[in-house]
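The data block below is final-v3.cif; it holds mmCIF, C-alpha atoms.
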```cif
data_target
#
loop_
_atom_site.group_PDB
_atom_site.id
_atom_site.type_symbol
_atom_site.label_atom_id
_atom_site.label_comp_id
_atom_site.auth_asym_id
_atom_site.auth_seq_id
_atom_site.Cartn_x
_atom_site.Cartn_y
_atom_site.Cartn_z
ATOM 1 C CA MET Q 1 11.736 -129.373 52.365
ATOM 2 C CA ARG Q 2 11.068 -125.651 52.399
ATOM 3 C CA GLU Q 3 13.585 -122.990 53.344
ATOM 4 C CA THR Q 4 12.644 -120.462 56.017
ATOM 5 C CA HIS Q 5 14.290 -117.879 58.279
ATOM 6 C CA VAL Q 6 15.704 -118.647 61.717
ATOM 7 C CA GLU Q 7 13.029 -116.650 63.567
ATOM 8 C CA ARG Q 8 10.327 -118.974 62.223
ATOM 9 C CA ILE Q 9 11.830 -122.117 63.812
ATOM 10 C CA PRO Q 10 10.846 -121.424 67.465
ATOM 11 C CA GLU Q 11 7.399 -120.319 66.255
ATOM 12 C CA LEU Q 12 6.898 -123.608 64.410
ATOM 13 C CA ALA Q 13 8.146 -125.623 67.392
ATOM 14 C CA ALA Q 14 5.716 -123.842 69.747
ATOM 15 C CA LEU Q 15 2.836 -124.261 67.285
ATOM 16 C CA TRP Q 16 3.507 -127.965 66.740
ATOM 17 C CA GLU Q 17 3.979 -128.536 70.461
ATOM 18 C CA ASP Q 18 0.630 -126.815 71.197
ATOM 19 C CA GLN Q 19 -1.075 -128.862 68.466
ATOM 20 C CA GLY Q 20 0.352 -132.135 69.773
ATOM 21 C CA LYS Q 21 2.290 -132.819 66.572
ATOM 22 C CA ILE Q 22 5.170 -135.284 66.519
ATOM 23 C CA TRP Q 23 8.072 -133.001 65.658
ATOM 24 C CA TYR Q 24 11.859 -133.182 65.487
ATOM 25 C CA PHE Q 25 14.866 -131.139 64.513
ATOM 26 C CA HIS Q 26 18.419 -131.794 63.357
ATOM 27 C CA MET Q 27 21.395 -129.457 63.498
ATOM 28 C CA LEU Q 28 23.707 -130.269 60.595
ATOM 29 C CA THR Q 29 27.304 -129.121 60.342
ATOM 30 C CA PRO Q 30 28.803 -128.439 56.902
ATOM 31 C CA ASP Q 31 30.644 -131.780 57.045
ATOM 32 C CA CYS Q 32 27.644 -133.741 58.349
ATOM 33 C CA ALA Q 33 26.724 -136.753 56.245
ATOM 34 C CA LEU Q 34 23.053 -135.641 56.359
ATOM 35 C CA ASN Q 35 23.727 -132.085 55.122
ATOM 36 C CA GLN Q 36 23.147 -131.397 51.433
ATOM 37 C CA GLN Q 37 25.075 -128.114 51.752
ATOM 38 C CA ASP Q 38 28.785 -128.618 52.366
ATOM 39 C CA VAL Q 39 29.581 -124.985 53.161
ATOM 40 C CA LYS Q 40 26.724 -123.979 55.495
ATOM 41 C CA TYR Q 41 25.201 -125.170 58.724
ATOM 42 C CA ALA Q 42 21.621 -126.331 58.459
ATOM 43 C CA LEU Q 43 18.838 -126.679 60.968
ATOM 44 C CA VAL Q 44 16.209 -129.080 59.665
ATOM 45 C CA MET Q 45 12.910 -129.145 61.505
ATOM 46 C CA GLY Q 46 9.757 -130.981 60.720
ATOM 47 C CA ASN Q 47 6.746 -132.774 62.008
ATOM 48 C CA SER Q 48 6.002 -136.371 61.183
ATOM 49 C CA THR Q 49 2.280 -135.848 61.735
ATOM 50 C CA ASP Q 50 1.886 -133.715 58.604
ATOM 51 C CA SER Q 51 5.105 -134.644 56.754
ATOM 52 C CA ASP Q 52 6.049 -130.962 56.960
ATOM 53 C CA THR Q 53 9.774 -130.138 56.798
ATOM 54 C CA TRP Q 54 11.613 -126.823 56.972
ATOM 55 C CA VAL Q 55 15.287 -125.883 56.775
ATOM 56 C CA VAL Q 56 17.363 -122.861 57.749
ATOM 57 C CA TYR Q 57 20.875 -122.442 56.354
ATOM 58 C CA SER Q 58 23.395 -120.402 58.297
ATOM 59 C CA ASN Q 59 27.062 -119.436 58.244
ATOM 60 C CA GLN Q 60 27.243 -120.258 61.948
ATOM 61 C CA GLU Q 61 26.073 -123.094 64.162
ATOM 62 C CA LEU Q 62 22.757 -122.281 65.844
ATOM 63 C CA VAL Q 63 23.756 -123.728 69.222
ATOM 64 C CA LYS Q 64 21.553 -121.568 71.481
ATOM 65 C CA LEU Q 65 18.518 -122.281 69.314
ATOM 66 C CA GLY Q 66 19.367 -125.980 69.443
ATOM 67 C CA GLN Q 67 19.446 -125.854 73.246
ATOM 68 C CA ALA Q 68 16.017 -124.192 73.344
ATOM 69 C CA LEU Q 69 14.585 -126.777 70.946
ATOM 70 C CA VAL Q 70 16.029 -129.681 72.964
ATOM 71 C CA ARG Q 71 14.312 -128.300 76.066
ATOM 72 C CA MET Q 72 10.999 -127.953 74.230
ATOM 73 C CA LEU Q 73 11.172 -131.396 72.673
ATOM 74 C CA HIS Q 74 12.710 -133.507 75.450
ATOM 75 C CA GLY Q 75 12.383 -131.359 78.595
ATOM 76 C CA ASP Q 76 14.935 -129.508 80.714
ATOM 77 C CA ALA Q 77 16.493 -132.747 81.998
ATOM 78 C CA ALA Q 78 17.767 -133.549 78.480
ATOM 79 C CA ILE Q 79 20.530 -130.942 78.805
ATOM 80 C CA ASN Q 80 20.893 -130.781 82.566
ATOM 81 C CA VAL Q 81 24.388 -131.523 83.868
ATOM 82 C CA GLU Q 82 23.113 -133.034 87.142
ATOM 83 C CA ALA Q 83 20.585 -135.245 85.322
ATOM 84 C CA ALA Q 84 23.304 -136.425 82.949
ATOM 85 C CA ALA Q 85 25.633 -137.262 85.826
ATOM 86 C CA SER Q 86 22.955 -139.316 87.576
ATOM 87 C CA SER Q 87 21.675 -141.155 84.484
ATOM 88 C CA PRO Q 88 22.703 -144.793 84.338
ATOM 89 C CA ALA Q 89 25.036 -145.622 81.452
ATOM 90 C CA ARG Q 90 23.794 -148.639 79.564
ATOM 91 C CA LEU Q 91 26.099 -151.190 78.042
ATOM 92 C CA GLY Q 92 28.238 -149.552 75.370
ATOM 93 C CA LEU Q 93 27.407 -145.971 76.289
ATOM 94 C CA ALA Q 94 30.156 -145.577 78.909
ATOM 95 C CA SER Q 95 32.900 -146.288 76.359
ATOM 96 C CA ILE Q 96 31.277 -143.917 73.849
ATOM 97 C CA LEU Q 97 31.136 -141.163 76.490
ATOM 98 C CA LYS Q 98 34.845 -141.689 77.248
ATOM 99 C CA GLN Q 99 35.593 -141.348 73.537
ATOM 100 C CA LEU Q 100 33.536 -138.121 73.391
ATOM 101 C CA ASP Q 101 35.354 -136.797 76.475
ATOM 102 C CA ARG Q 102 38.687 -137.428 74.692
ATOM 103 C CA LEU Q 103 37.437 -135.572 71.604
ATOM 104 C CA ASN Q 104 36.257 -132.662 73.762
ATOM 105 C CA ALA Q 105 39.557 -132.537 75.671
ATOM 106 C CA THR Q 106 41.558 -132.312 72.445
ATOM 107 C CA GLY Q 107 39.201 -129.794 70.804
ATOM 108 C CA GLN Q 108 38.050 -132.171 68.080
ATOM 109 C CA ARG Q 109 34.554 -131.251 66.960
ATOM 110 C CA TRP Q 110 31.781 -133.819 66.778
ATOM 111 C CA HIS Q 111 28.013 -133.741 66.674
ATOM 112 C CA HIS Q 112 25.119 -136.113 67.082
ATOM 113 C CA HIS Q 113 21.552 -136.767 66.030
ATOM 114 C CA LEU Q 114 18.706 -138.474 67.817
ATOM 115 C CA LEU Q 115 16.931 -140.209 64.959
ATOM 116 C CA PHE Q 116 13.371 -141.111 65.857
ATOM 117 C CA SER Q 117 12.353 -144.607 64.850
ATOM 118 C CA ASP Q 118 10.475 -143.202 61.826
ATOM 119 C CA CYS Q 119 13.008 -140.509 60.875
ATOM 120 C CA VAL Q 120 13.783 -140.197 57.167
ATOM 121 C CA PHE Q 121 17.512 -140.081 58.023
ATOM 122 C CA ASN Q 122 17.377 -143.261 60.106
ATOM 123 C CA ASN Q 123 19.028 -146.284 58.455
ATOM 124 C CA HIS Q 124 17.452 -148.511 61.110
ATOM 125 C CA PRO Q 125 13.668 -148.126 60.584
ATOM 126 C CA GLY Q 126 11.637 -148.902 63.678
ATOM 127 C CA ILE Q 127 14.671 -148.449 65.972
ATOM 128 C CA TRP Q 128 15.641 -145.263 67.809
ATOM 129 C CA THR Q 129 19.183 -144.296 66.807
ATOM 130 C CA ILE Q 130 21.670 -141.899 68.311
ATOM 131 C CA LEU Q 131 24.097 -141.146 65.491
ATOM 132 C CA ILE Q 132 27.419 -139.596 66.504
ATOM 133 C CA GLU Q 133 29.626 -138.133 63.766
ATOM 134 C CA GLN Q 134 33.153 -136.812 63.928
ATOM 135 C CA VAL Q 135 35.311 -135.811 60.982
ATOM 136 C CA ASP Q 136 39.086 -135.695 61.189
ATOM 137 C CA GLU Q 137 42.013 -136.066 58.787
ATOM 138 C CA ASP Q 138 41.247 -139.792 58.516
ATOM 139 C CA GLY Q 139 37.671 -139.165 57.381
ATOM 140 C CA MET Q 140 34.225 -139.627 58.932
ATOM 141 C CA MET Q 141 33.673 -141.601 62.119
ATOM 142 C CA ASN Q 142 30.106 -142.751 62.752
ATOM 143 C CA ILE Q 143 28.799 -144.420 65.879
ATOM 144 C CA ASN Q 144 25.235 -145.724 65.948
ATOM 145 C CA LEU Q 145 23.704 -146.343 69.356
ATOM 146 C CA LEU Q 146 20.501 -148.333 68.781
ATOM 147 C CA SER Q 147 17.508 -148.638 71.091
ATOM 148 C CA GLU Q 148 14.063 -150.253 70.886
ATOM 149 C CA GLU Q 149 12.655 -147.447 73.055
ATOM 150 C CA GLU Q 150 13.352 -143.719 73.146
ATOM 151 C CA PRO Q 151 16.793 -143.467 74.800
ATOM 152 C CA VAL Q 152 15.717 -141.029 77.523
ATOM 153 C CA ASP Q 153 18.550 -142.047 79.892
ATOM 154 C CA ASP Q 154 21.245 -141.876 77.197
ATOM 155 C CA LEU Q 155 20.259 -138.544 75.682
ATOM 156 C CA PRO Q 156 21.156 -136.221 78.600
ATOM 157 C CA GLN Q 157 24.681 -137.608 78.823
ATOM 158 C CA ILE Q 158 25.308 -137.078 75.109
ATOM 159 C CA GLU Q 159 23.556 -133.688 74.973
ATOM 160 C CA VAL Q 160 25.566 -132.356 77.926
ATOM 161 C CA SER Q 161 28.809 -133.594 76.371
ATOM 162 C CA TYR Q 162 27.906 -132.020 73.007
ATOM 163 C CA TYR Q 163 26.757 -128.638 74.336
ATOM 164 C CA GLY Q 164 29.757 -128.580 76.677
ATOM 165 C CA GLN Q 165 32.060 -128.496 73.640
ATOM 166 C CA ALA Q 166 29.829 -126.497 71.286
ATOM 167 C CA ASP Q 167 28.870 -123.660 73.655
ATOM 168 C CA PRO Q 168 31.497 -122.017 75.875
ATOM 169 C CA ASP Q 169 28.694 -120.541 78.039
ATOM 170 C CA PHE Q 170 26.982 -123.888 78.712
#
```

In structure tokens, what does this structure look like?
Amino acid sequence: MRETHVERIPELAALWEDQGKIWYFHMLTPDCALNQQDVKYALVMGNSTDSDTWVVYSNQELVKLGQALVRMLHGDAAINVEAAASSPARLGLASILKQLDRLNATGQRWHHHLLFSDCVFNNHPGIWTILIEQVDEDGMMNINLLSEEEPVDDLPQIEVSYYGQADPDF
């Protein structure tokens, strides 16, 4: 994993998108189980096609950049409030969304990752995983939502809930 500057991330995403690469990104909070830095935010971006991985460390969460990358990677519907409201909630997701709503209402921070089936961070190889993490005084809470296929109906509901609490302008 190579370190780069924040301005390079959208350039890489556009390049990889144009080249048809399979690419991904992860926004890691300082307390995220996937973050090797415990005092900085990290944005990890890579493409599976070339096994090329980059990281940017920051003193602040790169929420607006994350929103732009979600749109590039998954389309506008992935963080569209109306799309999220009309997406069917599969078994188990409705209770998770209620739990996230409670966290948002009480100001407790949480974050999530969509782990592609071949993601290096995925503890369930071959299975798409939405990993939700929340740290409080009792420690780390992890929820794994597993799917054989890309969870295109689940993602908007979780993205909208996340960006609703992470970005006051969302």

(request) May I ask which of the residues Q:Leu100, Q:Asp52, Q:Met1, Q:Leu146 is the closest one to Gln36 in chain Q, counting only C-alpha atoms? (result)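 Among the listed residues, the smallest separation from Gln36 in chain Q belongs to Q:Met1.
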
(message) Nearest residue to Tyr24 in chain Q out of Q:Ala105, Q:Leu62, Q:Leu43, Q:Val160, using all atoms listed in the file?
(response)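 Result for the nearest residue to Tyr24 in chain Q: Q:Leu43.
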
(request) Using all atoms listed in the file, pick whichever of Q:Arg109, Q:Lys21, Q:Lys64, Q:Arg90 has the shortest atom-to-atom distance to Val6 in chain Q. (result)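 Of Q:Arg109, Q:Lys21, Q:Lys64, Q:Arg90, the one nearest Val6 in chain Q is Q:Lys64, counting all atoms listed in the file.
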
(message) What's the separation between CA of Val81 in chain Q and CA of Cys119 in chain Q, in Å to one decimal place?
(response)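 Separation between CA of Val81 in chain Q and CA of Cys119 in chain Q: 27.2 Å.
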
(request) Tell me, in Å to one decimal, how far CA of Val39 in chain Q is from CA of Asn59 in chain Q. (result) 7.9 Å

(message) Within 10 Å of (27.2, -141.2, 65.8) in the file's own coordinates, which protein, DNA or RNA residues have an atom, counting all atoms listed in the file? List them as a PyMOL selection string.
(response) chain Q and resi 96+110-114+129-134+140-145

(message) I'd like to know which of Q:Ala78, Q:Leu28, Q:Ala13, Q:Ile158 is closest to Val44 in chain Q, using all atoms listed in the file.
(response)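 Ranked by minimum distance to Val44 in chain Q, first place goes to Q:Leu28.
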
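A cut-off of 12 Å from the point (27.6, -121.8, 69.9), with all atoms listed in the file, picks out the residues Met27, Tyr41, Asn59, Gln60, Glu61, Leu62, Val63, Lys64, Leu65, Gly66, Gln67, Tyr162, Tyr163, Gly164, Gln165, Ala166, Asp167, Pro168, Asp169 and Phe170 of chain Q.
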
(request) Enter the distance from CA of Glu7 in chain Q to CA of Gln108 in chain Q, in Å, rounded to one decimal. (result)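 Distance between the two atoms: 29.8 Å.
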
With all atoms of range 72-83 of chain Q from the file as input, state the centre and edge lengths in Å to one decimal of the axis-aligned box that has 4 Å extra on each side, as lines of an AutoDock Vina configuration file.
```
center_x = 17.7
center_y = -131.6
center_z = 79.9
size_x = 21.4
size_y = 15.3
size_z = 22.5
```

(message) List the spatial neighbours of Thr49 in chain Q as a PyMOL selection string - criterion: any atom at most 12 Å away, all atoms listed in the file, same-chain residues fewer than 4 positions off excluded.
(response) chain Q and resi 16-17+19-24+53+118-119

(request) Determine the residue membership of the PyMOL selection byres ((chain Q and resi 126) around 10) for the file above and supply it as an MDAnalysis selection string. (result) chainID Q and resid 116:119 122:125 127:129 147:149

Save range 107-131 of chain Q to a file: N, CA, C and O atoms, as a PDB file, in the first residue's frame.
```pdb
ATOM      1  N   GLY Q 107     -26.555  10.409  18.657  1.00  0.00           N
ATOM      2  CA  GLY Q 107     -25.258  10.993  18.322  1.00  0.00           C
ATOM      3  C   GLY Q 107     -24.083  10.045  18.462  1.00  0.00           C
ATOM      4  O   GLY Q 107     -22.941  10.494  18.527  1.00  0.00           O
ATOM      5  N   GLN Q 108     -24.353   8.763  18.504  1.00  0.00           N
ATOM      6  CA  GLN Q 108     -23.261   7.779  18.591  1.00  0.00           C
ATOM      7  C   GLN Q 108     -22.749   7.486  17.183  1.00  0.00           C
ATOM      8  O   GLN Q 108     -23.510   7.103  16.308  1.00  0.00           O
ATOM      9  N   ARG Q 109     -21.462   7.683  17.008  1.00  0.00           N
ATOM     10  CA  ARG Q 109     -20.848   7.514  15.688  1.00  0.00           C
ATOM     11  C   ARG Q 109     -20.684   6.044  15.336  1.00  0.00           C
ATOM     12  O   ARG Q 109     -20.392   5.223  16.189  1.00  0.00           O
ATOM     13  N   TRP Q 110     -20.862   5.738  14.077  1.00  0.00           N
ATOM     14  CA  TRP Q 110     -20.656   4.407  13.536  1.00  0.00           C
ATOM     15  C   TRP Q 110     -20.209   4.583  12.086  1.00  0.00           C
ATOM     16  O   TRP Q 110     -20.305   5.665  11.515  1.00  0.00           O
ATOM     17  N   HIS Q 111     -19.699   3.532  11.519  1.00  0.00           N
ATOM     18  CA  HIS Q 111     -19.338   3.558  10.107  1.00  0.00           C
ATOM     19  C   HIS Q 111     -19.504   2.156   9.535  1.00  0.00           C
ATOM     20  O   HIS Q 111     -19.777   1.212  10.269  1.00  0.00           O
ATOM     21  N   HIS Q 112     -19.345   2.050   8.253  1.00  0.00           N
ATOM     22  CA  HIS Q 112     -19.566   0.762   7.598  1.00  0.00           C
ATOM     23  C   HIS Q 112     -18.597   0.587   6.434  1.00  0.00           C
ATOM     24  O   HIS Q 112     -17.967   1.547   5.977  1.00  0.00           O
ATOM     25  N   HIS Q 113     -18.519  -0.637   5.979  1.00  0.00           N
ATOM     26  CA  HIS Q 113     -17.712  -0.973   4.803  1.00  0.00           C
ATOM     27  C   HIS Q 113     -18.504  -1.946   3.945  1.00  0.00           C
ATOM     28  O   HIS Q 113     -19.113  -2.877   4.482  1.00  0.00           O
ATOM     29  N   LEU Q 114     -18.491  -1.748   2.651  1.00  0.00           N
ATOM     30  CA  LEU Q 114     -18.960  -2.773   1.734  1.00  0.00           C
ATOM     31  C   LEU Q 114     -17.708  -3.520   1.294  1.00  0.00           C
ATOM     32  O   LEU Q 114     -16.838  -2.965   0.620  1.00  0.00           O
ATOM     33  N   LEU Q 115     -17.600  -4.752   1.734  1.00  0.00           N
ATOM     34  CA  LEU Q 115     -16.433  -5.570   1.400  1.00  0.00           C
ATOM     35  C   LEU Q 115     -16.793  -6.469   0.227  1.00  0.00           C
ATOM     36  O   LEU Q 115     -17.646  -7.356   0.347  1.00  0.00           O
ATOM     37  N   PHE Q 116     -16.161  -6.192  -0.919  1.00  0.00           N
ATOM     38  CA  PHE Q 116     -16.395  -7.021  -2.090  1.00  0.00           C
ATOM     39  C   PHE Q 116     -16.041  -8.462  -1.737  1.00  0.00           C
ATOM     40  O   PHE Q 116     -15.283  -8.723  -0.807  1.00  0.00           O
ATOM     41  N   SER Q 117     -16.542  -9.378  -2.508  1.00  0.00           N
ATOM     42  CA  SER Q 117     -16.337 -10.797  -2.203  1.00  0.00           C
ATOM     43  C   SER Q 117     -14.861 -11.186  -2.204  1.00  0.00           C
ATOM     44  O   SER Q 117     -14.480 -12.136  -1.537  1.00  0.00           O
ATOM     45  N   ASP Q 118     -14.020 -10.422  -2.921  1.00  0.00           N
ATOM     46  CA  ASP Q 118     -12.587 -10.728  -2.967  1.00  0.00           C
ATOM     47  C   ASP Q 118     -11.728  -9.722  -2.203  1.00  0.00           C
ATOM     48  O   ASP Q 118     -10.511  -9.701  -2.340  1.00  0.00           O
ATOM     49  N   CYS Q 119     -12.369  -8.896  -1.368  1.00  0.00           N
ATOM     50  CA  CYS Q 119     -11.656  -7.860  -0.625  1.00  0.00           C
ATOM     51  C   CYS Q 119     -10.695  -8.467   0.396  1.00  0.00           C
ATOM     52  O   CYS Q 119     -11.038  -9.429   1.088  1.00  0.00           O
ATOM     53  N   VAL Q 120      -9.527  -7.890   0.500  1.00  0.00           N
ATOM     54  CA  VAL Q 120      -8.507  -8.364   1.442  1.00  0.00           C
ATOM     55  C   VAL Q 120      -8.986  -8.254   2.889  1.00  0.00           C
ATOM     56  O   VAL Q 120      -8.570  -9.034   3.745  1.00  0.00           O
ATOM     57  N   PHE Q 121      -9.893  -7.329   3.183  1.00  0.00           N
ATOM     58  CA  PHE Q 121     -10.415  -7.145   4.528  1.00  0.00           C
ATOM     59  C   PHE Q 121     -11.574  -8.087   4.855  1.00  0.00           C
ATOM     60  O   PHE Q 121     -12.041  -8.145   5.979  1.00  0.00           O
ATOM     61  N   ASN Q 122     -12.075  -8.790   3.854  1.00  0.00           N
ATOM     62  CA  ASN Q 122     -13.277  -9.600   4.022  1.00  0.00           C
ATOM     63  C   ASN Q 122     -12.947 -10.939   4.680  1.00  0.00           C
ATOM     64  O   ASN Q 122     -12.182 -11.736   4.136  1.00  0.00           O
ATOM     65  N   ASN Q 123     -13.537 -11.196   5.837  1.00  0.00           N
ATOM     66  CA  ASN Q 123     -13.339 -12.470   6.542  1.00  0.00           C
ATOM     67  C   ASN Q 123     -14.242 -13.576   6.012  1.00  0.00           C
ATOM     68  O   ASN Q 123     -14.251 -14.678   6.555  1.00  0.00           O
ATOM     69  N   HIS Q 124     -15.016 -13.254   4.988  1.00  0.00           N
ATOM     70  CA  HIS Q 124     -15.935 -14.225   4.378  1.00  0.00           C
ATOM     71  C   HIS Q 124     -15.650 -14.296   2.879  1.00  0.00           C
ATOM     72  O   HIS Q 124     -16.456 -13.815   2.074  1.00  0.00           O
ATOM     73  N   PRO Q 125     -14.508 -14.871   2.477  1.00  0.00           N
ATOM     74  CA  PRO Q 125     -14.134 -14.901   1.055  1.00  0.00           C
ATOM     75  C   PRO Q 125     -15.244 -15.495   0.185  1.00  0.00           C
ATOM     76  O   PRO Q 125     -15.883 -16.479   0.560  1.00  0.00           O
ATOM     77  N   GLY Q 126     -15.476 -14.837  -0.949  1.00  0.00           N
ATOM     78  CA  GLY Q 126     -16.493 -15.292  -1.876  1.00  0.00           C
ATOM     79  C   GLY Q 126     -17.887 -14.775  -1.571  1.00  0.00           C
ATOM     80  O   GLY Q 126     -18.815 -14.986  -2.336  1.00  0.00           O
ATOM     81  N   ILE Q 127     -18.043 -14.067  -0.443  1.00  0.00           N
ATOM     82  CA  ILE Q 127     -19.345 -13.542  -0.012  1.00  0.00           C
ATOM     83  C   ILE Q 127     -19.215 -12.017   0.122  1.00  0.00           C
ATOM     84  O   ILE Q 127     -18.263 -11.509   0.698  1.00  0.00           O
ATOM     85  N   TRP Q 128     -20.178 -11.292  -0.423  1.00  0.00           N
ATOM     86  CA  TRP Q 128     -20.229  -9.848  -0.216  1.00  0.00           C
ATOM     87  C   TRP Q 128     -20.593  -9.592   1.241  1.00  0.00           C
ATOM     88  O   TRP Q 128     -21.471 -10.260   1.791  1.00  0.00           O
ATOM     89  N   THR Q 129     -19.915  -8.639   1.872  1.00  0.00           N
ATOM     90  CA  THR Q 129     -20.147  -8.369   3.289  1.00  0.00           C
ATOM     91  C   THR Q 129     -20.303  -6.871   3.516  1.00  0.00           C
ATOM     92  O   THR Q 129     -19.468  -6.088   3.079  1.00  0.00           O
ATOM     93  N   ILE Q 130     -21.379  -6.503   4.185  1.00  0.00           N
ATOM     94  CA  ILE Q 130     -21.479  -5.141   4.703  1.00  0.00           C
ATOM     95  C   ILE Q 130     -21.104  -5.246   6.167  1.00  0.00           C
ATOM     96  O   ILE Q 130     -21.763  -5.938   6.947  1.00  0.00           O
ATOM     97  N   LEU Q 131     -19.999  -4.605   6.527  1.00  0.00           N
ATOM     98  CA  LEU Q 131     -19.497  -4.606   7.896  1.00  0.00           C
ATOM     99  C   LEU Q 131     -19.854  -3.265   8.525  1.00  0.00           C
ATOM    100  O   LEU Q 131     -19.500  -2.213   7.996  1.00  0.00           O
TER     101      LEU Q 131
END
```
